[in-house]
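Student: Provided herewith: entry27.cif, mmCIF, C-alpha atoms.
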data_my_file
#
loop_
_atom_site.group_PDB
_atom_site.id
_atom_site.type_symbol
_atom_site.label_atom_id
_atom_site.label_comp_id
_atom_site.auth_asym_id
_atom_site.auth_seq_id
_atom_site.Cartn_x
_atom_site.Cartn_y
_atom_site.Cartn_z
ATOM 1 C CA MET L 82 -22.267 22.751 8.170
ATOM 2 C CA PRO L 83 -22.591 21.723 4.543
ATOM 3 C CA GLN L 84 -21.289 18.295 3.715
ATOM 4 C CA LEU L 85 -17.734 18.207 2.342
ATOM 5 C CA ALA L 86 -17.270 16.839 -1.165
ATOM 6 C CA LEU L 87 -16.867 13.085 -1.404
ATOM 7 C CA THR L 88 -13.854 11.645 -3.153
ATOM 8 C CA GLU L 89 -14.514 9.977 -6.477
ATOM 9 C CA ALA L 90 -13.646 6.614 -4.937
ATOM 10 C CA VAL L 91 -16.133 7.023 -2.070
ATOM 11 C CA PHE L 92 -18.857 8.276 -4.415
ATOM 12 C CA TYR L 93 -18.514 5.243 -6.654
ATOM 13 C CA ILE L 94 -18.255 2.818 -3.726
ATOM 14 C CA LEU L 95 -21.515 4.140 -2.233
ATOM 15 C CA LEU L 96 -23.141 4.011 -5.655
ATOM 16 C CA SER L 97 -22.016 0.397 -6.093
ATOM 17 C CA LEU L 98 -23.382 -0.711 -2.740
ATOM 18 C CA GLN L 99 -27.065 -0.309 -3.556
ATOM 19 C CA LYS L 100 -26.899 -4.104 -3.436
ATOM 20 C CA PRO L 101 -24.505 -6.204 -1.312
ATOM 21 C CA LEU L 102 -21.093 -6.629 -2.915
ATOM 22 C CA HIS L 103 -17.680 -7.859 -1.808
ATOM 23 C CA GLY L 104 -14.472 -5.915 -2.423
ATOM 24 C CA TYR L 105 -13.606 -7.431 -5.793
ATOM 25 C CA GLY L 106 -17.223 -6.948 -6.936
ATOM 26 C CA ILE L 107 -16.995 -3.256 -6.026
ATOM 27 C CA ILE L 108 -13.810 -2.833 -8.067
ATOM 28 C CA GLN L 109 -15.408 -4.504 -11.074
ATOM 29 C CA ASN L 110 -18.629 -2.524 -10.720
ATOM 30 C CA VAL L 111 -16.839 0.811 -10.429
ATOM 31 C CA GLY L 112 -14.713 -0.069 -13.452
ATOM 32 C CA GLU L 113 -17.831 -0.885 -15.499
ATOM 33 C CA MET L 114 -19.755 2.219 -14.372
ATOM 34 C CA SER L 115 -16.885 4.516 -15.304
ATOM 35 C CA ASN L 116 -16.066 2.662 -18.544
ATOM 36 C CA GLY L 117 -12.713 1.641 -17.116
ATOM 37 C CA ARG L 118 -11.665 5.188 -16.183
ATOM 38 C CA VAL L 119 -11.769 4.674 -12.390
ATOM 39 C CA LYS L 120 -9.592 1.791 -11.239
ATOM 40 C CA LEU L 121 -9.864 1.320 -7.486
ATOM 41 C CA ALA L 122 -6.780 -0.228 -5.968
ATOM 42 C CA ALA L 123 -7.099 -2.806 -3.184
ATOM 43 C CA GLY L 124 -5.385 -0.735 -0.472
ATOM 44 C CA THR L 125 -7.402 2.376 -1.271
ATOM 45 C CA LEU L 126 -10.633 0.358 -1.244
ATOM 46 C CA TYR L 127 -9.744 -1.288 2.071
ATOM 47 C CA GLY L 128 -9.134 2.079 3.755
ATOM 48 C CA ALA L 129 -12.303 3.578 2.265
ATOM 49 C CA LEU L 130 -14.495 0.614 3.302
ATOM 50 C CA ASN L 131 -13.216 0.760 6.898
ATOM 51 C CA SER L 132 -13.851 4.520 7.086
ATOM 52 C CA LEU L 133 -17.342 4.156 5.637
ATOM 53 C CA VAL L 134 -18.242 1.384 8.092
ATOM 54 C CA GLU L 135 -16.964 3.566 10.965
ATOM 55 C CA LYS L 136 -19.088 6.473 9.768
ATOM 56 C CA GLY L 137 -22.122 4.209 9.495
ATOM 57 C CA TRP L 138 -22.566 4.921 5.773
ATOM 58 C CA ILE L 139 -22.202 1.237 4.882
ATOM 59 C CA ASP L 140 -22.691 -2.015 6.794
ATOM 60 C CA ALA L 141 -20.373 -5.022 6.719
ATOM 61 C CA LEU L 142 -22.564 -8.118 6.337
ATOM 62 C CA PRO L 143 -21.720 -11.423 8.044
ATOM 63 C CA GLU L 144 -19.153 -13.367 6.035
ATOM 64 C CA ASN L 145 -20.562 -15.683 3.410
ATOM 65 C CA PRO L 146 -19.413 -19.195 4.534
ATOM 66 C CA GLU L 147 -19.220 -20.419 0.919
ATOM 67 C CA SER L 148 -17.148 -17.658 -0.631
ATOM 68 C CA ARG L 149 -15.532 -16.554 2.689
ATOM 69 C CA LYS L 150 -15.740 -13.020 1.334
ATOM 70 C CA LYS L 151 -17.106 -10.126 3.305
ATOM 71 C CA GLU L 152 -19.907 -8.196 1.658
ATOM 72 C CA TYR L 153 -20.945 -4.600 2.227
ATOM 73 C CA VAL L 154 -24.162 -2.672 1.646
ATOM 74 C CA ILE L 155 -25.131 0.987 1.867
ATOM 75 C CA THR L 156 -27.096 2.214 4.926
ATOM 76 C CA LYS L 157 -29.863 4.803 5.118
ATOM 77 C CA ASN L 158 -27.310 7.404 6.254
ATOM 78 C CA GLY L 159 -25.049 6.497 3.359
ATOM 79 C CA LEU L 160 -27.910 6.920 0.912
ATOM 80 C CA THR L 161 -28.689 10.383 2.310
ATOM 81 C CA VAL L 162 -25.031 11.406 1.946
ATOM 82 C CA LEU L 163 -24.958 10.058 -1.602
ATOM 83 C CA LYS L 164 -28.073 12.020 -2.582
ATOM 84 C CA GLU L 165 -26.644 15.204 -1.075
ATOM 85 C CA GLU L 166 -23.445 14.666 -3.052
ATOM 86 C CA LEU L 167 -25.468 14.165 -6.202
ATOM 87 C CA ASP L 168 -27.197 17.533 -5.574
ATOM 88 C CA ARG L 169 -23.810 19.174 -5.088
ATOM 89 C CA LEU L 170 -22.470 17.656 -8.297
ATOM 90 C CA SER L 171 -25.620 18.695 -10.170
ATOM 91 C CA GLU L 172 -25.058 22.269 -9.014
ATOM 92 C CA LEU L 173 -21.486 22.158 -10.323
ATOM 93 C CA VAL L 174 -22.584 20.740 -13.667
ATOM 94 C CA ASP L 175 -25.517 23.179 -14.020
ATOM 95 C CA ASN L 176 -23.336 26.194 -13.248
ATOM 96 C CA GLY L 177 -20.614 24.959 -15.562
ATOM 97 C CA LYS L 178 -23.055 24.473 -18.411
ATOM 98 C CA ARG L 179 -24.799 27.796 -17.779
ATOM 99 C CA ILE L 180 -21.551 29.768 -17.885
ATOM 100 C CA LEU L 181 -19.764 27.826 -20.593
ATOM 101 C CA GLY L 182 -22.928 27.441 -22.635
ATOM 102 C CA GLY L 183 -22.960 23.656 -22.840
ATOM 103 C CA ASN L 184 -26.125 21.587 -23.056
ATOM 104 C CA MET S 227 12.879 -26.883 -10.087
ATOM 105 C CA ARG S 228 13.676 -24.750 -7.065
ATOM 106 C CA ARG S 229 16.345 -22.069 -7.239
ATOM 107 C CA VAL S 230 17.756 -20.343 -4.184
ATOM 108 C CA ILE S 231 19.435 -16.953 -4.490
ATOM 109 C CA HIS S 232 21.193 -15.089 -1.684
ATOM 110 C CA LYS S 233 20.819 -11.355 -2.034
ATOM 111 C CA ILE S 234 20.510 -8.396 0.285
ATOM 112 C CA PHE S 235 18.097 -5.511 -0.023
ATOM 113 C CA TRP S 236 17.990 -2.722 2.520
ATOM 114 C CA VAL S 237 14.747 -1.445 3.992
ATOM 115 C CA TRP S 238 14.687 1.540 1.610
ATOM 116 C CA GLN S 239 15.104 -0.676 -1.433
ATOM 117 C CA LEU S 240 11.555 -2.028 -1.420
ATOM 118 C CA GLU S 241 10.885 -0.964 -5.015
ATOM 119 C CA LYS S 242 14.243 -2.243 -6.266
ATOM 120 C CA GLU S 243 13.598 -5.608 -4.629
ATOM 121 C CA GLN S 244 10.117 -5.778 -6.104
ATOM 122 C CA ALA S 245 11.426 -4.957 -9.593
ATOM 123 C CA TRP S 246 14.011 -7.749 -9.295
ATOM 124 C CA ILE S 247 11.423 -10.317 -8.117
ATOM 125 C CA ASN S 248 9.152 -9.346 -11.027
ATOM 126 C CA GLU S 249 12.059 -9.642 -13.437
ATOM 127 C CA MET S 250 12.710 -13.161 -12.120
ATOM 128 C CA ALA S 251 8.996 -13.947 -12.623
ATOM 129 C CA SER S 252 9.197 -12.684 -16.197
ATOM 130 C CA HIS S 253 11.957 -15.255 -16.765
ATOM 131 C CA GLY S 254 9.862 -18.066 -15.309
ATOM 132 C CA TYR S 255 11.081 -18.055 -11.707
ATOM 133 C CA SER S 256 8.243 -17.371 -9.275
ATOM 134 C CA LEU S 257 9.070 -16.409 -5.701
ATOM 135 C CA GLU S 258 7.856 -18.991 -3.183
ATOM 136 C CA HIS S 259 9.665 -17.897 -0.060
ATOM 137 C CA ALA S 260 11.871 -15.043 1.099
ATOM 138 C CA GLY S 261 14.078 -14.754 4.133
ATOM 139 C CA ARG S 262 16.280 -11.861 5.214
ATOM 140 C CA LEU S 263 19.032 -12.844 2.776
ATOM 141 C CA THR S 264 17.510 -15.743 0.862
ATOM 142 C CA PHE S 265 15.018 -15.925 -1.975
ATOM 143 C CA GLU S 266 13.542 -19.225 -3.119
ATOM 144 C CA PHE S 267 12.078 -19.417 -6.606
ATOM 145 C CA GLU S 268 10.078 -22.171 -8.278
ATOM 146 C CA GLU S 269 10.341 -22.667 -12.008
ATOM 147 C CA THR S 270 6.975 -21.835 -13.587
ATOM 148 C CA GLU S 271 5.801 -20.471 -16.900
ATOM 149 C CA ALA S 272 7.157 -16.989 -17.588
ATOM 150 C CA ASP S 273 5.050 -14.053 -16.412
ATOM 151 C CA LEU S 274 2.590 -16.259 -14.525
ATOM 152 C CA TYR S 275 2.562 -13.915 -11.520
ATOM 153 C CA THR S 276 3.107 -10.283 -10.759
ATOM 154 C CA TYR S 277 4.601 -9.429 -7.347
ATOM 155 C CA LYS S 278 4.205 -6.571 -4.937
ATOM 156 C CA THR S 279 6.211 -6.033 -1.759
ATOM 157 C CA LEU S 280 4.479 -4.069 0.965
ATOM 158 C CA PHE S 281 5.418 -2.452 4.154
ATOM 159 C CA LEU S 282 2.953 -2.852 7.043
ATOM 160 C CA LYS S 283 3.007 -1.122 10.383
ATOM 161 C CA GLY S 284 3.255 -3.591 13.280
ATOM 162 C CA TRP S 285 3.545 -7.386 13.350
ATOM 163 C CA ALA S 286 2.040 -9.565 10.645
ATOM 164 C CA ASP S 287 -0.223 -11.368 13.110
ATOM 165 C CA SER S 288 -1.748 -8.194 14.556
ATOM 166 C CA GLU S 289 -5.513 -8.152 14.091
ATOM 167 C CA GLU S 290 -5.430 -5.167 11.743
ATOM 168 C CA ASN S 291 -2.750 -6.675 9.499
ATOM 169 C CA ARG S 292 -4.446 -10.081 9.424
ATOM 170 C CA LYS S 293 -7.683 -8.406 8.309
ATOM 171 C CA TYR S 294 -5.802 -6.464 5.633
ATOM 172 C CA MET S 295 -4.026 -9.540 4.301
ATOM 173 C CA LYS S 296 -7.309 -11.462 4.206
ATOM 174 C CA PHE S 297 -8.880 -8.601 2.265
ATOM 175 C CA LEU S 298 -6.019 -8.686 -0.240
ATOM 176 C CA GLU S 299 -6.563 -12.427 -0.700
ATOM 177 C CA GLU S 300 -10.218 -11.709 -1.491
ATOM 178 C CA MET S 301 -8.911 -9.375 -4.207
ATOM 179 C CA GLY S 302 -6.872 -12.206 -5.708
ATOM 180 C CA ILE S 303 -3.655 -10.896 -4.151
ATOM 181 C CA LYS S 304 -2.048 -13.765 -2.279
ATOM 182 C CA VAL S 305 0.427 -13.314 0.554
ATOM 183 C CA VAL S 306 3.437 -15.456 -0.401
ATOM 184 C CA CYS S 307 5.411 -14.855 2.799
ATOM 185 C CA TYR S 308 6.400 -12.122 5.185
ATOM 186 C CA ILE S 309 9.266 -11.094 7.416
ATOM 187 C CA ASN S 310 8.784 -9.379 10.753
ATOM 188 C CA TYR S 311 11.141 -6.532 11.590
ATOM 189 C CA PRO S 312 10.995 -4.441 14.776
ATOM 190 C CA GLY S 313 7.694 -2.593 14.580
ATOM 191 C CA THR S 314 7.014 -3.510 10.978
ATOM 192 C CA THR S 315 6.365 -6.340 8.546
ATOM 193 C CA TRP S 316 7.711 -6.750 5.054
ATOM 194 C CA VAL S 317 5.114 -8.653 3.014
ATOM 195 C CA TYR S 318 5.589 -10.385 -0.340
ATOM 196 C CA THR S 319 2.359 -10.707 -2.310
ATOM 197 C CA ARG S 320 1.538 -11.935 -5.754
ATOM 198 C CA ALA S 321 -1.391 -12.139 -8.141
ATOM 199 C CA LEU S 322 -1.912 -13.794 -11.478
ATOM 200 C CA LYS S 323 -0.551 -11.566 -14.206
ATOM 201 C CA LYS S 324 -3.699 -12.157 -16.263
ATOM 202 C CA ASP S 325 -5.764 -10.611 -13.420
ATOM 203 C CA TYR S 326 -3.340 -7.717 -12.881
ATOM 204 C CA PRO S 327 -1.692 -7.125 -16.278
ATOM 205 C CA ASP S 328 -0.387 -3.688 -15.241
ATOM 206 C CA GLY S 329 0.984 -4.970 -11.933
ATOM 207 C CA ILE S 330 -0.527 -4.754 -8.463
ATOM 208 C CA ASP S 331 -1.256 -1.183 -7.510
ATOM 209 C CA LEU S 332 -2.433 -0.842 -3.923
ATOM 210 C CA PHE S 333 -3.203 2.856 -3.898
ATOM 211 C CA SER S 334 -5.259 4.627 -6.527
ATOM 212 C CA ASP S 335 -5.798 8.052 -4.984
ATOM 213 C CA ILE S 336 -3.496 10.683 -3.562
ATOM 214 C CA ASP S 337 -4.707 10.456 0.047
ATOM 215 C CA SER S 338 -4.076 6.729 0.347
ATOM 216 C CA LYS S 339 -0.724 7.053 -1.478
ATOM 217 C CA VAL S 340 0.338 9.688 1.067
ATOM 218 C CA LEU S 341 -0.796 7.488 3.950
ATOM 219 C CA GLY S 342 1.200 4.538 2.603
ATOM 220 C CA MET S 343 4.300 6.689 2.145
ATOM 221 C CA LYS S 344 3.957 8.170 5.636
ATOM 222 C CA THR S 345 4.048 4.667 7.131
ATOM 223 C CA MET S 346 7.268 3.983 5.237
ATOM 224 C CA GLY S 347 8.658 7.429 6.135
ATOM 225 C CA GLY S 348 7.917 6.897 9.839
ATOM 226 C CA TYR S 349 9.814 3.626 9.819
ATOM 227 C CA MET S 350 12.737 5.201 7.961
ATOM 228 C CA ILE S 351 13.036 7.830 10.692
ATOM 229 C CA PHE S 352 13.343 4.982 13.187
ATOM 230 C CA VAL S 353 16.064 3.387 11.003
ATOM 231 C CA MET S 354 17.897 6.733 10.801
ATOM 232 C CA ALA S 355 17.783 7.191 14.582
ATOM 233 C CA PHE S 356 18.983 3.625 15.186
ATOM 234 C CA THR S 357 21.885 3.779 12.711
ATOM 235 C CA LEU S 358 23.006 7.210 13.996
ATOM 236 C CA PHE S 359 22.914 5.969 17.589
ATOM 237 C CA ALA S 360 24.879 2.833 16.641
ATOM 238 C CA ALA S 361 27.400 4.920 14.670
ATOM 239 C CA LEU S 362 28.016 7.343 17.544
ATOM 240 C CA LEU S 363 28.200 4.574 20.141
ATOM 241 C CA ASN S 364 30.748 2.644 18.081
ATOM 242 C CA LEU S 365 32.733 5.815 17.464
ATOM 243 C CA TRP S 366 32.900 6.427 21.194
ATOM 244 C CA CYS S 367 33.944 2.806 21.780
ATOM 245 C CA ALA S 368 36.599 3.176 19.053
ATOM 246 C CA VAL S 369 38.297 6.350 20.203
ATOM 247 C CA GLY S 370 36.754 7.515 23.465
ATOM 248 C CA ARG S 371 38.075 4.919 25.898
ATOM 249 C CA GLY S 372 41.773 5.794 25.884
ATOM 250 C CA PHE S 373 42.719 3.183 23.239
ATOM 251 C CA PHE S 374 41.841 2.634 19.576
ATOM 252 C CA SER S 375 39.471 -0.168 18.587
ATOM 253 C CA LEU S 376 39.561 -0.965 14.868
ATOM 254 C CA ILE S 377 36.425 -3.173 14.995
ATOM 255 C CA ASN S 378 34.345 -0.420 16.567
ATOM 256 C CA PHE S 379 35.785 2.116 14.142
ATOM 257 C CA VAL S 380 34.794 -0.028 11.128
ATOM 258 C CA CYS S 381 31.327 -0.602 12.642
ATOM 259 C CA SER S 382 30.968 3.120 13.204
ATOM 260 C CA ILE S 383 31.878 3.960 9.602
ATOM 261 C CA SER S 384 29.469 1.258 8.323
ATOM 262 C CA MET S 385 26.670 2.662 10.467
ATOM 263 C CA PHE S 386 27.392 6.197 9.237
ATOM 264 C CA VAL S 387 27.153 4.924 5.640
ATOM 265 C CA LEU S 388 23.812 3.216 6.413
ATOM 266 C CA PHE S 389 22.608 6.354 8.181
ATOM 267 C CA THR S 390 23.475 8.441 5.105
ATOM 268 C CA LEU S 391 21.675 6.043 2.742
ATOM 269 C CA ALA S 392 18.635 5.919 5.045
ATOM 270 C CA THR S 393 18.605 9.722 5.236
ATOM 271 C CA ILE S 394 18.675 10.058 1.445
ATOM 272 C CA ALA S 395 15.810 7.560 1.141
ATOM 273 C CA THR S 396 13.803 9.319 3.876
ATOM 274 C CA VAL S 397 14.267 12.736 2.278
ATOM 275 C CA ARG S 398 13.100 11.300 -1.052
ATOM 276 C CA ILE S 399 9.961 9.867 0.601
ATOM 277 C CA PHE S 400 9.063 13.165 2.269
ATOM 278 C CA VAL S 401 9.802 15.178 -0.901
ATOM 279 C CA ASN S 402 7.388 12.870 -2.748
ATOM 280 C CA ILE S 403 4.793 13.287 0.011
ATOM 281 C CA GLY S 404 5.170 17.067 -0.338
ATOM 282 C CA LYS S 405 4.665 16.856 -4.121
ATOM 283 C CA LEU S 406 1.557 14.709 -3.698
ATOM 284 C CA LYS S 407 0.123 17.076 -1.082
ATOM 285 C CA LYS S 408 0.667 20.007 -3.442
ATOM 286 C CA GLU S 409 -1.108 18.072 -6.177
ATOM 287 C CA ARG S 410 -3.918 17.223 -3.744
ATOM 288 C CA LYS S 411 -4.782 20.930 -3.448
ATOM 289 C CA ILE S 412 -5.950 20.784 -7.049
ATOM 290 C CA HIS S 413 -6.708 17.153 -7.789
ATOM 291 C CA GLU S 414 -7.970 14.136 -5.868
#
Any chance you could give the structure as C-alpha cells?

Tutor:
Amino acid sequence: MPQLALTEAVFYILLSLQKPLHGYGIIQNVGEMSNGRVKLAAGTLYGALNSLVEKGWIDALPENPESRKKEYVITKNGLTVLKEELDRLSELVDNGKRILGGN
Amino acid sequence: MRRVIHKIFWVWQLEKEQAWINEMASHGYSLEHAGRLTFEFEETEADLYTYKTLFLKGWADSEENRKYMKFLEEMGIKVVCYINYPGTTWVYTRALKKDYPDGIDLFSDIDSKVLGMKTMGGYMIFVMAFTLFAALLNLWCAVGRGFFSLINFVCSISMFVLFTLATIATVRIFVNIGKLKKERKIHE
C-alpha cells in the first residue's frame, strides 16, 4: 500500500529532527524553515511527537539533566518515510508545473 | 497587592472565563490561583502574561496529564493551578505575553482541534446526562410522592435550566466539529 500523505506538521517535525531537538526548538526551527508561515502549537506538537515515537519514526532521548527538557531525533524508519514523502511532493510539484506551465 | 474576586463560570464557559482572566491581566492583575468560585490575582505590570484555560480528560495527576503539563512547561507555558472535576481537570496556564504575543494557541491543525473539541464534547454529554437525571429525580420528588415539595421543584427547574444551557453548548461544539471535519476534506 502506498504511504498516505504526511500532514504539514509531521513533515516539518521530521525534517527538523535531523539533529536532536526539544519541543520548543522544533517550533522555532519549523517557524524559521517556513519563514514564519507554519506555527506549530504546543498541543498539536505534543500529540504529533507521541504518535511519531509510537510509530518508531522518531526516538525520545533520555532527558537532559541540565535543561530537564526531552529531546527527540529522527530514526532510520522516519528518514525513509520522509524521503518517500519528498518523492510524493516532487511528483505533485512536477505535474503541477507541467500542466500549468510553471518553471 | 492581592485581589480576590468571587465569580462563577459554568463548565461550558471556558472561553468566556479565559477572556475575563486575560482582560484582568491586561489591567495588571495576574491570576495566581483559582478555586471553584474564587479567583486570586496579584498586581503586576499590565499585559505581563497571557492565559489559557484547558480542559483535560482524567485527573491532573494521571501519568498522561502530568507528562502533558510538563511538556507545556518546556514550551514556556506554566501551569498556574488546576481544579479536578469528576473525570476531568480544568487547568489554568499562562505564558509571558512577549513569548506568546498572539495568545497561547494549543492546536494549530484541524485534526488536533477536532480531538480537543471532542474531549470537551464528551464531557458535556456527561454534564447533560447528569443534569437531566437530577432534574427528573427532583421533579419526581416534588410531585410524585403524593405531596408537593417546593425545594425539589425549584431544584428541578434549576437543573432543567442547566441541562438546557449544557445542551446548547454541546450542540455548538458538535456543529463546530462538523464544520472542521468538512473543512478537513479539502484542507489540513

Student: Which distance in Å separates CA of Thr279 (chain S) and CA of Asn110 (chain L), to one decimal?

Tutor: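 Computing the Euclidean distance for CA of Thr279 (chain S) and CA of Asn110 (chain L) yields 26.6 Å.
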
Student: Please, which residues in chain L fall within 8 Å of chain S when counting only C-alpha atoms, and what is the closest atom pair and distance in Å to one decimal for each, ordered by chain then residue number, as CSV?

Tutor:
residue,atom,partner,partner_atom,distance
L:Thr88,CA,S:Glu414,CA,6.9
L:Glu89,CA,S:Glu414,CA,7.8
L:Ala90,CA,S:Asp335,CA,8.0
L:Gly104,CA,S:Met301,CA,6.8
L:Tyr105,CA,S:Met301,CA,5.3
L:Lys120,CA,S:Ser334,CA,7.0
L:Leu121,CA,S:Ser334,CA,5.7
L:Ala122,CA,S:Leu332,CA,4.8
L:Ala123,CA,S:Leu332,CA,5.1
L:Gly124,CA,S:Leu332,CA,4.5
L:Thr125,CA,S:Phe333,CA,5.0
L:Tyr127,CA,S:Phe297,CA,7.4
L:Gly128,CA,S:Ser338,CA,7.7
L:Lys150,CA,S:Glu300,CA,6.3

Student: Excluding Leu240 (chain S) and its own-chain neighbours fewer than 6 positions away, which residues fall within 10 Å of it when counting all atoms listed in the file? Please give them as a PyMOL selection string.

Tutor: chain S and resi 278-281+316+346

Student: How about saving the chosen residues, C-alpha atoms kept, as a PDB file, in the coordinates of the input?

Tutor:
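Printed below is part-v9.pdb as written:
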ATOM      1  CA  LYS S 278       4.205  -6.571  -4.937  1.00  0.00           C
ATOM      2  CA  THR S 279       6.211  -6.033  -1.759  1.00  0.00           C
ATOM      3  CA  LEU S 280       4.479  -4.069   0.965  1.00  0.00           C
ATOM      4  CA  PHE S 281       5.418  -2.452   4.154  1.00  0.00           C
ATOM      5  CA  TRP S 316       7.711  -6.750   5.054  1.00  0.00           C
ATOM      6  CA  MET S 346       7.268   3.983   5.237  1.00  0.00           C
TER       7      MET S 346
END

Student: How far is it from CA of Arg229 (chain S) to CA of Leu257 (chain S), in Å with one decimal?

Tutor: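 CA of Leu257 (chain S) lies at a distance of 9.3 Å from CA of Arg229 (chain S).
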
Student: Hey, which of S:Asn310, S:Tyr277, S:Asn402, S:Ile412 ends up closest to Glu241 (chain S)? Count all atoms listed in the file.

Tutor: S:Tyr277

Student: Hey, which of S:Gln244, S:Thr345, S:Thr319, S:Thr264 ends up closest to Lys283 (chain S)? Count only C-alpha atoms.

Tutor: S:Thr345

Student: Figure out the distance between CA of Leu362 (chain S) and CA of Trp238 (chain S), please, to one decimal in Å.

Tutor: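 The value is 21.6 Å.
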